[in-house]
Amino acid sequence: MNRNTMTEGTPWRHILRFAMPVLAGSLLQQLYNTIDAIIVGRFAGEAALSAVGTTGSFAFLFLALAMGFSAGNGVVVAQNYGAGNEKEVRANASTGILFLMILGVLAALTGMVLSRPAYTYLVSVPDSFLELTLQYFRMYAVGLIFQFGYNIFSAILRAVGDSAATLYFLLIASVLNIVLDLAFVAGLHWGVAGAAIATDIAQAASFIAAYIYMTRKYPVFRFRLREYTWSGRRVRQTVHVGFPIALQLVIVSMGLTLIQRAVNEFGQAMTASFTVGQRIEMYLNLPCSAFQTTLATYAGQNIGAGRMDRVKTGVCQTLLISLAMTLCVSGLVWIFSGGIINLFGLSDQAAEYCMAHIRTVALINIILSLYLPLFGVFQGANHSGIPTIVATGALSVRVLVTYLFRYSHLFGHTIIWWNGLFGFGMGCTIAWVYYLSGRWQRNARIA
């Protein structure tokens, strides 16, 4: 097994070298999500854009399971990789792939069955674009199988220090998705159905590319069909680490669903605006999210190698880089917000909402850069329950203030974007108190 660990050398160099491909891959993913929204908005109309956008919160519920359990498996693989245990690296990867693929099939079936009650009663989608929402999501749900598979392959590759590979897979998916969007939505006028089919095909392509790359480059992950083995013990290890991560993301999904419900109460213009605002907000979150992913692998490998001193050094250096990058992105979004909004073909009212939204979150999301990377440290140290507690608290506050103040004279509809100030502020406080307490360090252990 080739050794490419983060346990020697200057921490920030390893961290930055690992994080940049993750960041670039996430940027590509957001770019094709943005272009997807631009094409739908310009060629299928504001109702179609609202339909595609309003599916996001419920769809993220399923992706939360994919990202959470694949990240859990990745941490276990990373720890064993850092300890030099090739046998356990191979066995945990095998079980993780089987586990995630089974979950992917179940997620696709569940999503299609629950789509109508979820979007009718939970998300409360207006009748004006409910059928478009259901049409898009049901077709999109088919591709969940590929998204679960892609996530586990990417997590395993990151666990052995190969974060650059995911950039190539996302590049394939991004280019293909854009080309197919133009063909199906702009050319053939298939509307939301065309957008969903384009996404499914792009996800399938990245899934296939990731599998081919992983098995050809790393012999340790080259399994014959009969060599895929199910181990209850290893599934429990993955669930032990991954469940708190998945739960954290599920809670985020449910909270965003409740916020989306509040958004829908203000009509189609607000829903379309929120769709665009969320797309832009994701760019603001890219640096700190990439460093969270990086620190999970970095902490996992160094804990596996018994190098706790390097973990603390890496945290300090990472947070400085995360803050600097977030400030740069926030500045660019603030300056070019008007031109960005014009790309989506929003009505005047929706554009006005969107301008206020993205300029506000450009300031508030700086708080995220100061604590979100710490989640990666907690996950790599097998303290993934702490990010769940922090995320639950932060999101609960966001939902609470949204419903308390959405019709008040103080905030009114602007609480849709100002709620982050209250939630992220509390999340930052809790995360730092736990980190400075040192409990994550004293109790860190190999899964």
# chains A, B, ... in the order shown; residues from 1 in each chain; ligands from 1

$ residues_around --residues "Ala296 of chain A" --least-positions-apart "4" --cutoff "7 Å" --atoms "only C-alpha atoms" --output "ChimeraX atom specification"
/A:75,292,300,376-377,379-380

$ residues_around --residues "Ser289 of chain A" --least-positions-apart "5" --cutoff "9 Å" --atoms "only C-alpha atoms" --output "list in words"
Leu23, Ser26, Thr294, Ser369, Leu372 and Pro373 of chain A

$ closest_residue --among "A:Ala193, A:Ala362, A:Ala246, A:Ala183" --to "Tyr283 of chain A" --atoms "only C-alpha atoms"
A:Ala362

$ closest_residue --among "A:Phe43, A:Trp417, A:Phe60, A:Phe69" --to "Val239 of chain A" --atoms "only C-alpha atoms"
A:Phe69

$ closest_residue --among "A:Gln135, A:Asn285, A:Ser174, A:Ser273" --to "Glu46 of chain A" --atoms "only C-alpha atoms"
A:Ser273

$ residues_around --residues "segment 345-358 of chain A" --least-positions-apart "6" --cutoff "6 Å" --atoms "only C-alpha atoms" --output "PyMOL selection string"
chain A and resi 41-42+269-270+273+277+417

$ write_last_selection --atoms "C-alpha atoms" --output "mmCIF file, in the first residue's frame"
data_model
loop_
_atom_site.group_PDB
_atom_site.id
_atom_site.type_symbol
_atom_site.label_atom_id
_atom_site.label_comp_id
_atom_site.auth_asym_id
_atom_site.auth_seq_id
_atom_site.Cartn_x
_atom_site.Cartn_y
_atom_site.Cartn_z
ATOM 1 C CA GLY A 41 -34.814 30.249 -14.791
ATOM 2 C CA ARG A 42 -34.146 31.690 -18.237
ATOM 3 C CA ALA A 269 -41.044 35.753 -5.841
ATOM 4 C CA MET A 270 -39.564 35.044 -2.413
ATOM 5 C CA SER A 273 -35.184 34.655 -4.653
ATOM 6 C CA GLY A 277 -29.720 33.214 -2.556
ATOM 7 C CA TRP A 417 -31.532 35.755 5.929
#

$ residues_around --residues "Ser124 of chain A" --least-positions-apart "2" --cutoff "12 Å" --atoms "only C-alpha atoms" --output "short mmCIF file (atom, residue, chain, number, x, y, z; two decimals) with N, CA and C atoms, in the first residue's frame"
data_model
loop_
_atom_site.label_atom_id
_atom_site.label_comp_id
_atom_site.auth_asym_id
_atom_site.auth_seq_id
_atom_site.Cartn_x
_atom_site.Cartn_y
_atom_site.Cartn_z
N ALA A 51 -39.66 25.65 -8.39
CA ALA A 51 -39.90 24.21 -8.18
C ALA A 51 -38.59 23.48 -7.94
N THR A 54 -37.10 24.60 -4.46
CA THR A 54 -37.81 24.18 -3.24
C THR A 54 -37.62 22.70 -2.95
N THR A 55 -37.11 21.92 -3.91
CA THR A 55 -36.84 20.50 -3.66
C THR A 55 -35.58 20.31 -2.80
N PHE A 58 -35.58 19.02 1.19
CA PHE A 58 -35.98 17.62 1.41
C PHE A 58 -34.99 16.67 0.75
N SER A 115 -42.52 11.65 -1.72
CA SER A 115 -42.39 13.00 -2.29
C SER A 115 -43.66 13.84 -2.17
N ARG A 116 -44.83 13.27 -2.49
CA ARG A 116 -46.06 14.09 -2.46
C ARG A 116 -46.41 14.54 -1.03
N PRO A 117 -46.50 13.63 -0.04
CA PRO A 117 -46.82 14.14 1.30
C PRO A 117 -45.75 15.09 1.85
N ALA A 118 -44.48 14.85 1.50
CA ALA A 118 -43.41 15.71 2.01
C ALA A 118 -43.53 17.12 1.47
N TYR A 119 -43.72 17.25 0.16
CA TYR A 119 -43.77 18.59 -0.43
C TYR A 119 -45.13 19.27 -0.25
N THR A 120 -46.17 18.48 -0.04
CA THR A 120 -47.50 19.06 0.16
C THR A 120 -47.66 19.57 1.59
N TYR A 121 -47.28 18.74 2.57
CA TYR A 121 -47.56 19.07 3.97
C TYR A 121 -46.35 19.56 4.75
N LEU A 122 -45.19 18.96 4.51
CA LEU A 122 -44.01 19.35 5.28
C LEU A 122 -43.40 20.64 4.76
N PRO A 126 -46.52 25.83 -2.69
CA PRO A 126 -47.76 26.39 -3.25
C PRO A 126 -48.27 25.57 -4.44
N ASP A 127 -49.57 25.56 -4.62
CA ASP A 127 -50.18 24.78 -5.71
C ASP A 127 -49.67 25.22 -7.08
N SER A 128 -49.25 26.47 -7.20
CA SER A 128 -48.84 27.01 -8.50
C SER A 128 -47.65 26.27 -9.10
N PHE A 129 -46.81 25.67 -8.24
CA PHE A 129 -45.68 24.91 -8.81
C PHE A 129 -45.45 23.58 -8.08
N LEU A 130 -46.48 23.06 -7.40
CA LEU A 130 -46.34 21.78 -6.70
C LEU A 130 -46.08 20.63 -7.66
N THR A 133 -42.64 20.63 -8.93
CA THR A 133 -41.73 20.18 -7.89
C THR A 133 -41.68 18.66 -7.81
N THR A 257 -35.74 22.71 5.83
CA THR A 257 -37.08 22.44 5.32
C THR A 257 -38.09 23.35 5.99
N LEU A 258 -37.96 23.53 7.31
CA LEU A 258 -38.87 24.42 8.03
C LEU A 258 -38.67 25.87 7.60
N ILE A 259 -37.41 26.25 7.36
CA ILE A 259 -37.16 27.61 6.87
C ILE A 259 -37.74 27.77 5.46
N GLN A 260 -37.58 26.73 4.62
CA GLN A 260 -38.15 26.77 3.27
C GLN A 260 -39.67 26.93 3.34
N ARG A 261 -40.30 26.28 4.30
CA ARG A 261 -41.75 26.41 4.48
C ARG A 261 -42.12 27.86 4.78
N ALA A 262 -41.32 28.50 5.66
CA ALA A 262 -41.57 29.91 5.97
C ALA A 262 -41.36 30.79 4.73
N VAL A 263 -40.34 30.45 3.94
CA VAL A 263 -40.08 31.20 2.70
C VAL A 263 -41.27 31.10 1.76
N ASN A 264 -41.82 29.90 1.61
CA ASN A 264 -42.94 29.69 0.68
C ASN A 264 -44.18 30.49 1.06
N GLU A 265 -44.30 30.85 2.34
CA GLU A 265 -45.46 31.64 2.79
C GLU A 265 -45.46 33.03 2.16
N PHE A 266 -44.30 33.51 1.72
CA PHE A 266 -44.21 34.85 1.16
C PHE A 266 -44.39 34.88 -0.36
N GLY A 267 -44.70 33.73 -0.96
CA GLY A 267 -45.04 33.70 -2.38
C GLY A 267 -43.90 33.28 -3.30
N THR A 271 -39.71 32.67 -3.03
CA THR A 271 -39.16 31.33 -3.21
C THR A 271 -38.08 31.32 -4.28
#
